[in-house]
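**Student:** This is the structure I want to talk about, given as structure tokens.
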Amino acid sequence: MEKCHMTGEYQPEETENTSAELITEETGYALIVRQASGNVFTLWFANLRWKEHFYQYHGIGHFWRKGQEQWRQLVYMAGTLHDKCVYLGDEACSEKEKALFHLIEFGPFRKWSPIQEDLEEKYPPTYEGIDCMRQLAREAGDWKYERLLCVYKKFPFRWLETWLSRRLEKPSREALYQLIYEKIRAASCEYPVRRYQEEEQYRIDVCRQEADTFLRGKGFQGTYPEYYKESMWIQAAEEQPFTILESSDYVFRIYFMISERKKGRCGRNSGFFHGRGRRSRVAEFKGNESLS
């Protein structure tokens, strides 16, 4: 804010249930803030400068629901980049992100949301969403799923949407999953890693190092956040706050997405697909208890 001054008094203990109203005046702007106790203060300013800070989002994992966590993580990422384009505009998004903009609008994919609420109203199904997944299936060499999507585009019935969603659990969809993950990762990696205030960042760095030391001590190879050993693959995902570490009871958490595959190479989250000889689970990193 430029040339800002305040009338009234701010009550720092009243941070919840606060509302604000922005009014345009001839000489600038007035932000009227009403706190829960009834206290009101006003911020007067001549101009407002907008600053945008973007950071990587592909390493985040919120495990609120069990089952097919690998797809749920992708839905969260796809929703993140979609919201970014909607609320901040095209200029805030890269070409890689724009290419994936409609992915969350593909109903069978969106059904694997990590949250309990139905996202159909927020992300209504579109033909562009179907076309986006068709293109990805074609690129992944998954001609069976691509052909099914041609039928779905002609007959977008609810039961077919559910059936196509269940088909994403099959091992034959693994190549499609890996392709989508790599594309989202590539889009995310164009931005810097998120950094917090010095004290919080130190705790996070220590936690990451402890996870790396623990897995290497168990015989795993790789670098944070992906490790492998024989028939196992572990991907570390982080539970992060949505804005800043403002909550005194917030605890930074690392979760291990653990995959096992008896036959063939176990790639990133291969064990999460339903199939013989495949196993998976998600475990919060807690030292020696993490892989028990």
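Residue names in the structure tokens use chain letters A, B, ... in the order shown, residue numbers from 1 in each chain, and ligand numbers from 1 in the order shown.
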Could you list, as a list in words, every residue within 10 Å of Gly275 in chain A, counting only C-alpha atoms and ignoring same-chain residues fewer than 6 positions away?

**Tutor:** Glu169, Lys170, Pro171, Ser172 and Arg261 of chain A

**Student:** Could I get the residues of range 53-88 of chain A with an atom no further than 7 Å from an atom of range 97-108 of chain A, each paired with its nearest atom pair and that distance in Å to one decimal, using only C-alpha atoms, sorted by chain and residue number, as a Markdown table?

**Tutor:**
| residue | atom | partner | partner_atom | distance |
| --- | --- | --- | --- | --- |
| A:Val75 | CA | A:Ile104 | CA | 6.7 |
| A:Ala78 | CA | A:Ile104 | CA | 5.8 |
| A:Gly79 | CA | A:Ile104 | CA | 5.9 |
| A:Leu81 | CA | A:Glu97 | CA | 6.5 |
| A:His82 | CA | A:Phe101 | CA | 5.2 |

**Student:** Might you pull out every residue within 10 Å of Glu9 in chain A, with only C-alpha atoms counted and same-chain residues fewer than 6 positions away left off, and present them as an mmCIF file with N, CA and C atoms, in the first residue's frame?

**Tutor:**
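Okay, this is what ended up in out-v7.cif:
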data_model
loop_
_atom_site.group_PDB
_atom_site.id
_atom_site.type_symbol
_atom_site.label_atom_id
_atom_site.label_comp_id
_atom_site.auth_asym_id
_atom_site.auth_seq_id
_atom_site.Cartn_x
_atom_site.Cartn_y
_atom_site.Cartn_z
ATOM 1 N N ASN A 39 -15.112 -4.081 16.878
ATOM 2 C CA ASN A 39 -14.125 -3.035 16.619
ATOM 3 C C ASN A 39 -13.996 -2.801 15.111
ATOM 4 N N VAL A 40 -13.890 -1.527 14.734
ATOM 5 C CA VAL A 40 -13.769 -1.150 13.328
ATOM 6 C C VAL A 40 -12.585 -0.200 13.167
ATOM 7 N N PHE A 41 -11.759 -0.456 12.154
ATOM 8 C CA PHE A 41 -10.691 0.478 11.804
ATOM 9 C C PHE A 41 -10.598 0.562 10.277
ATOM 10 N N THR A 42 -9.999 1.634 9.788
ATOM 11 C CA THR A 42 -9.947 1.861 8.341
ATOM 12 C C THR A 42 -8.520 2.140 7.902
#

**Student:** Per residue of range 65-96 of chain A within 12 Å of range 233-238 of chain A, what are the shortest atom pair and its distance in Å to one decimal, counting only C-alpha atoms, with rows by chain and residue number, as JSON lines?

**Tutor:**
{"residue": "A:Glu69", "atom": "CA", "partner": "A:Ala237", "partner_atom": "CA", "distance": 11.0}
{"residue": "A:Gln70", "atom": "CA", "partner": "A:Gln235", "partner_atom": "CA", "distance": 10.1}
{"residue": "A:Gln73", "atom": "CA", "partner": "A:Ala237", "partner_atom": "CA", "distance": 9.3}
{"residue": "A:Leu74", "atom": "CA", "partner": "A:Ala237", "partner_atom": "CA", "distance": 11.9}

**Student:** Generate the output file for the selected residues, N, CA, C and O atoms, as a compact mmCIF listing (two decimals), in the first residue's frame.

**Tutor:**
# COMPACT_ATOMS: atom_id res chain seq x y z
N GLU A 69 -4.23 -43.24 -3.72
CA GLU A 69 -3.63 -41.97 -3.31
C GLU A 69 -2.80 -41.35 -4.41
O GLU A 69 -2.62 -40.12 -4.43
N GLN A 70 -2.28 -42.17 -5.33
CA GLN A 70 -1.46 -41.60 -6.41
C GLN A 70 -2.30 -40.74 -7.34
O GLN A 70 -1.87 -39.66 -7.78
N GLN A 73 -3.47 -37.46 -5.42
CA GLN A 73 -2.43 -36.45 -5.39
C GLN A 73 -2.41 -35.66 -6.70
O GLN A 73 -2.27 -34.43 -6.71
N LEU A 74 -2.59 -36.36 -7.83
CA LEU A 74 -2.60 -35.69 -9.12
C LEU A 74 -3.82 -34.77 -9.27
O LEU A 74 -3.72 -33.69 -9.85

**Student:** Let me make sure I understand: among A:Tyr76, A:Tyr181, A:Tyr196, A:Tyr202, which one has the smallest atom-to-atom distance to Ser113 in chain A if we use only C-alpha atoms?

**Tutor:**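 When distances to Ser113 in chain A are compared using only C-alpha atoms, the smallest one comes from A:Tyr76.
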
**Student:** With DSSP run on the backbone, what are the helix (DSSP H, G or I) residues within range 46-213 of chain A? I'd like them as JSON, numbers by chain.

**Tutor:** {"A": [69, 70, 71, 72, 73, 74, 75, 76, 77, 78, 79, 80, 81, 82, 83, 84, 85, 86, 87, 88, 90, 91, 92, 95, 96, 97, 98, 99, 103, 104, 105, 107, 108, 109, 110, 127, 128, 129, 130, 131, 132, 133, 134, 135, 136, 137, 138, 139, 140, 143, 144, 145, 146, 147, 148, 149, 150, 151, 152, 153, 154, 158, 159, 160, 161, 162, 163, 164, 165, 166, 167, 171, 172, 173, 174, 175, 176, 177, 178, 179, 180, 181, 182, 183, 184, 185, 186, 187, 188, 198, 199, 200, 201, 202, 203, 204, 205, 206, 207, 208, 209, 210, 211, 212, 213]}

**Student:** Find the residues around Ala140 in chain A up to 8 Å (only C-alpha atoms counted), leave out those fewer than 6 positions away in its own chain, and share them as a VMD selection string.

**Tutor:** chain A and resid 175 to 176 179

**Student:** With distances taken over only C-alpha atoms, which residue among A:Arg49, A:Lys154, A:Lys286, A:Arg72 lies nearest Pro114 in chain A?

**Tutor:**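 Comparing A:Arg49, A:Lys154, A:Lys286, A:Arg72 against Pro114 in chain A, the winner is A:Arg72.
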
**Student:** Write out as a list in words all residues of range 16-192 of chain A that backbone DSSP assigns to strand (DSSP E).

**Tutor:**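 DSSP-assigned strand (DSSP E) residues in range 16-192 of chain A: Ser19, Ala20, Glu21, Leu22, Ile23, Thr24, Glu25, Gly28, Tyr29, Ala30, Leu31, Ile32, Val33, Arg34, Val40, Phe41, Thr42, Leu43, Trp44 and Phe45 of chain A.
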